[in-house]
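Enquirer: To be precise about what I am sending: the file is called my_file-v2.cif and holds mmCIF, C-alpha atoms.
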```cif
data_data
#
loop_
_atom_site.label_atom_id
_atom_site.label_comp_id
_atom_site.auth_asym_id
_atom_site.auth_seq_id
_atom_site.Cartn_x
_atom_site.Cartn_y
_atom_site.Cartn_z
CA GLN K 1 118.56 102.19 85.36
CA ASP K 2 118.80 105.10 82.95
CA LEU K 3 118.17 108.43 84.68
CA SER K 4 118.40 111.89 83.23
CA VAL K 5 117.82 115.33 84.75
CA LEU K 6 115.71 117.70 82.69
CA ALA K 7 114.38 121.24 83.21
CA PRO K 8 115.77 121.97 86.71
CA ARG K 9 114.13 124.92 88.50
CA TRP K 10 114.71 126.57 91.86
CA ALA K 11 111.82 126.43 94.32
CA PRO K 12 110.58 129.90 95.35
CA ASP K 13 112.07 129.47 98.85
CA GLY K 14 115.53 128.76 97.37
CA LYS K 15 115.93 125.63 99.50
CA SER K 16 115.36 123.00 96.82
CA ILE K 17 115.44 122.31 93.11
CA TYR K 18 112.69 120.58 91.17
CA TYR K 19 113.47 118.68 87.98
CA LEU K 20 112.14 116.03 85.61
CA SER K 21 113.79 112.63 85.37
CA SER K 22 113.08 109.71 83.09
CA GLU K 23 112.87 106.20 84.41
CA ASN K 24 111.50 102.84 83.35
CA ASP K 25 109.81 100.34 85.62
CA GLY K 26 110.84 97.38 83.48
CA TYR K 27 107.89 97.40 81.11
CA ALA K 28 108.50 98.78 77.63
CA SER K 29 105.15 100.62 77.67
CA HIS K 30 105.89 102.36 80.98
CA GLN K 31 108.45 105.03 80.14
CA PHE K 32 107.96 107.70 82.78
CA LEU K 33 109.07 111.30 83.14
CA ASN K 34 108.44 112.22 86.76
CA LEU K 35 108.91 115.34 88.87
CA TRP K 36 111.60 115.14 91.56
CA LYS K 37 112.85 117.43 94.32
CA VAL K 38 116.37 117.70 95.71
CA SER K 39 117.04 119.54 98.97
CA ILE K 40 119.99 121.94 98.76
CA GLY K 41 120.73 121.59 102.48
CA ASP K 42 121.21 117.86 102.79
CA GLY K 43 120.98 116.55 99.20
CA THR K 44 117.87 114.49 99.91
CA VAL K 45 116.14 113.47 96.68
CA GLN K 46 112.45 112.59 96.65
CA PRO K 47 109.90 111.87 93.94
CA ILE K 48 106.94 114.23 93.72
CA THR K 49 105.15 112.18 91.07
CA THR K 50 105.39 108.47 90.33
CA GLY K 51 104.08 106.58 87.32
CA MET K 52 103.53 109.80 85.36
CA LYS K 53 104.60 111.30 82.08
CA VAL K 54 105.15 114.99 82.90
CA SER K 55 105.47 117.15 79.82
CA GLY K 56 106.36 120.37 81.62
CA PHE K 57 106.08 122.34 84.86
CA SER K 58 106.47 125.88 86.15
CA PHE K 59 106.12 127.77 89.43
CA LEU K 60 103.35 130.31 89.89
CA PRO K 61 104.79 133.78 90.60
CA GLY K 62 105.04 134.76 94.27
CA GLN K 63 103.50 131.49 95.43
CA SER K 64 104.60 128.10 96.73
CA TRP K 65 102.62 126.32 94.00
CA LEU K 66 103.77 124.85 90.73
CA TYR K 67 101.64 123.50 87.93
CA LEU K 68 102.35 120.69 85.54
CA THR K 69 100.88 118.87 82.57
CA ALA K 70 101.05 115.10 82.93
CA LEU K 71 99.31 111.83 82.43
CA ASN K 72 99.12 109.29 85.21
CA VAL K 73 99.79 105.96 83.50
CA TYR K 74 98.21 103.94 86.31
CA ASP K 75 94.89 105.84 86.00
CA PHE K 76 94.20 103.93 82.81
CA ALA K 77 93.78 100.29 81.82
CA PRO K 78 96.18 99.11 79.05
CA GLU K 79 93.40 99.19 76.45
CA GLU K 80 92.26 102.72 77.39
CA GLU K 81 93.44 105.89 75.72
CA PHE K 82 95.71 108.04 77.90
CA TYR K 83 94.80 111.65 78.71
CA TYR K 84 97.01 114.49 79.87
CA ASN K 85 95.73 116.59 82.76
CA ILE K 86 96.78 119.70 84.64
CA TRP K 87 97.99 119.26 88.21
CA LEU K 88 99.03 121.59 91.06
CA VAL K 89 101.84 120.79 93.49
CA ASN K 90 102.33 122.62 96.80
CA SER K 91 106.11 122.99 97.15
CA VAL K 92 105.82 123.36 100.95
CA ASP K 93 104.38 119.90 101.62
CA ASP K 94 104.61 118.40 98.08
CA THR K 95 100.92 117.53 97.89
CA LEU K 96 99.61 116.88 94.39
CA ARG K 97 96.13 117.90 93.20
CA ARG K 98 94.54 117.24 89.80
CA LEU K 99 92.77 120.31 88.34
CA THR K 100 91.20 118.74 85.25
CA THR K 101 89.29 115.52 84.61
CA ARG K 102 90.86 112.41 83.18
CA GLU K 103 88.32 112.10 80.35
CA GLU K 104 90.01 114.52 77.95
CA ASN K 105 93.41 116.06 77.27
CA TRP K 106 94.41 119.38 78.85
CA TYR K 107 97.74 121.19 78.49
CA ALA K 108 99.06 124.08 80.60
CA PHE K 109 101.39 126.44 78.75
CA ASN K 110 101.84 129.50 80.93
CA HIS K 111 100.26 131.61 83.65
CA THR K 112 99.02 135.17 83.95
CA PRO K 113 101.56 137.59 85.47
CA ASP K 114 99.71 137.55 88.82
CA GLY K 115 99.49 133.73 88.84
CA SER K 116 95.70 133.69 89.18
CA ASN K 117 95.03 131.96 85.84
CA LEU K 118 96.68 129.36 83.64
CA LEU K 119 96.81 129.59 79.87
CA VAL K 120 95.64 126.14 78.79
CA ALA K 121 94.59 124.29 75.67
CA ASP K 122 91.90 121.65 75.48
CA GLN K 123 92.18 118.45 73.47
CA ASN K 124 91.10 120.36 70.34
CA TRP K 125 93.97 122.83 70.94
CA ARG K 126 91.69 125.81 71.70
CA LEU K 127 93.26 128.32 74.05
CA LYS K 128 91.46 129.07 77.31
CA LEU K 129 92.10 130.74 80.64
CA PHE K 130 91.73 128.44 83.65
CA SER K 131 90.92 130.30 86.88
CA LEU K 132 92.80 128.76 89.80
CA ALA K 133 90.32 130.34 92.24
CA THR K 134 87.11 129.04 90.66
CA GLY K 135 88.08 126.38 88.12
CA GLU K 136 86.20 128.33 85.44
CA LEU K 137 87.37 128.12 81.85
CA THR K 138 87.17 131.16 79.58
CA GLN K 139 87.50 130.70 75.82
CA LEU K 140 89.99 133.27 74.52
CA ASP K 141 89.11 133.28 70.84
CA GLU K 142 87.33 130.74 68.69
CA GLN K 143 89.79 131.44 65.89
CA VAL K 144 92.97 130.84 67.92
CA GLU K 145 94.30 127.31 67.85
CA VAL K 146 97.67 125.93 68.89
CA SER K 147 99.34 123.65 66.40
CA TYR K 148 101.92 122.28 68.85
CA VAL K 149 103.55 123.49 72.04
CA TYR K 150 105.56 121.37 74.47
CA GLY K 151 105.79 121.92 78.20
CA GLY K 152 104.51 124.45 80.64
CA SER K 153 107.48 126.67 81.33
CA ARG K 154 108.00 130.27 80.43
#
```
Before we go any further, please render this structure as structure tokens.
Expert:
Amino acid sequence: QDLSVLAPRWAPDGKSIYYLSSENDGYASHQFLNLWKVSIGDGTVQPITTGMKVSGFSFLPGQSWLYLTALNVYDFAPEEEFYYNIWLVNSVDDTLRRLTTREENWYAFNHTPDGSNLLVADQNWRLKLFSLATGELTQLDEQVEVSYVYGGSR
């Protein structure tokens, strides 16, 4: 099995490292890039996501949360179009929560300095602020579009 370690980042508590790793479940159409965690103390490695294609992740400042942009391959039937969504992960208990719906593409690029909002783009590449407290989306400027940006790290 071909494994690679990409984009390693320290957890805010300094006790673990999160990283992306590619893997294949034996089907040519199922090339995954999942989020993993390795404990510094005992070297334990555990998957945080499975069956996902994570395009990027980053920790929110001063918090135990990280956000990521990913599609969950198993959410969709083979004939369906895949959609990327924005997810939150609690680094204390590694719970995963989807922030956006699966019916359209969403990409998280960065966060506000206080970590209260995410800078996101919708499937038409319009920039918006996503409030983590309320889930509200605020259009930044109708004229601003993103041609292409990869990942969610700073």
Enquirer: When you look at Trp87 in chain K with a cut-off of 8 Å (counting all atoms listed in the file), what residues show up, excluding the ones that are within fewer than 6 positions of it in the same chain? I need them as an NGL selection string.
Expert: :K and (67-70 or 96-100)
Enquirer: Which residues are close to range 119-124 of chain K, i.e. within 6 Å by all atoms listed in the file, leaving aside same-chain residues fewer than 2 positions away? Reply as a count of residues only.
Expert: 11
Enquirer: What would the selection look like, as a PyMOL selection string, if the PyMOL selection byres ((chain K and resi 116) around 9) were run on the coordinates I just shared?
Expert: chain K and resi 60+111-115+117-118+130-133
Enquirer: Could you list, as a PyMOL selection string, every residue within 10 Å of Phe32 in chain K, counting only C-alpha atoms and ignoring same-chain residues fewer than 5 positions away?
Expert: chain K and resi 20-25+49-54+71-73
Enquirer: For this file, the PyMOL selection byres ((chain K and resi 39-48) around 10) selects which residues, as a ChimeraX atom specification?
Expert: /K:10-11,14-21,34-38,49-50,89,91,94-96
Enquirer: What is the CA of Val92 in chain K-CA of Pro8 in chain K distance in Å, reported with one decimal?
Expert: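 Answer for the CA of Val92 in chain K to CA of Pro8 in chain K separation: 17.4 Å.
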Enquirer: One decimal, in Å: what's the spacing between CA of Arg9 in chain K and CA of Asp93 in chain K?
Expert: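 Interatomic distance here is 17.1 Å.
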Enquirer: Translate the PyMOL selection byres ((chain K and resi 83) around 7), as applied to the file shown, into an explicit residue set as a list in words.
Expert: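 Applied to this file, the PyMOL selection byres ((chain K and resi 83) around 7) returns Leu71, Glu81, Phe82, Tyr84, Asn85, Arg102, Glu103, Glu104 and Asn105 of chain K.
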Enquirer: So the first atom is CA of Ala7 in chain K and the second is CA of Asn90 in chain K; what is the distance between them in Å, to one decimal place?
Expert: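 Between CA of Ala7 in chain K and CA of Asn90 in chain K the gap is 18.2 Å.
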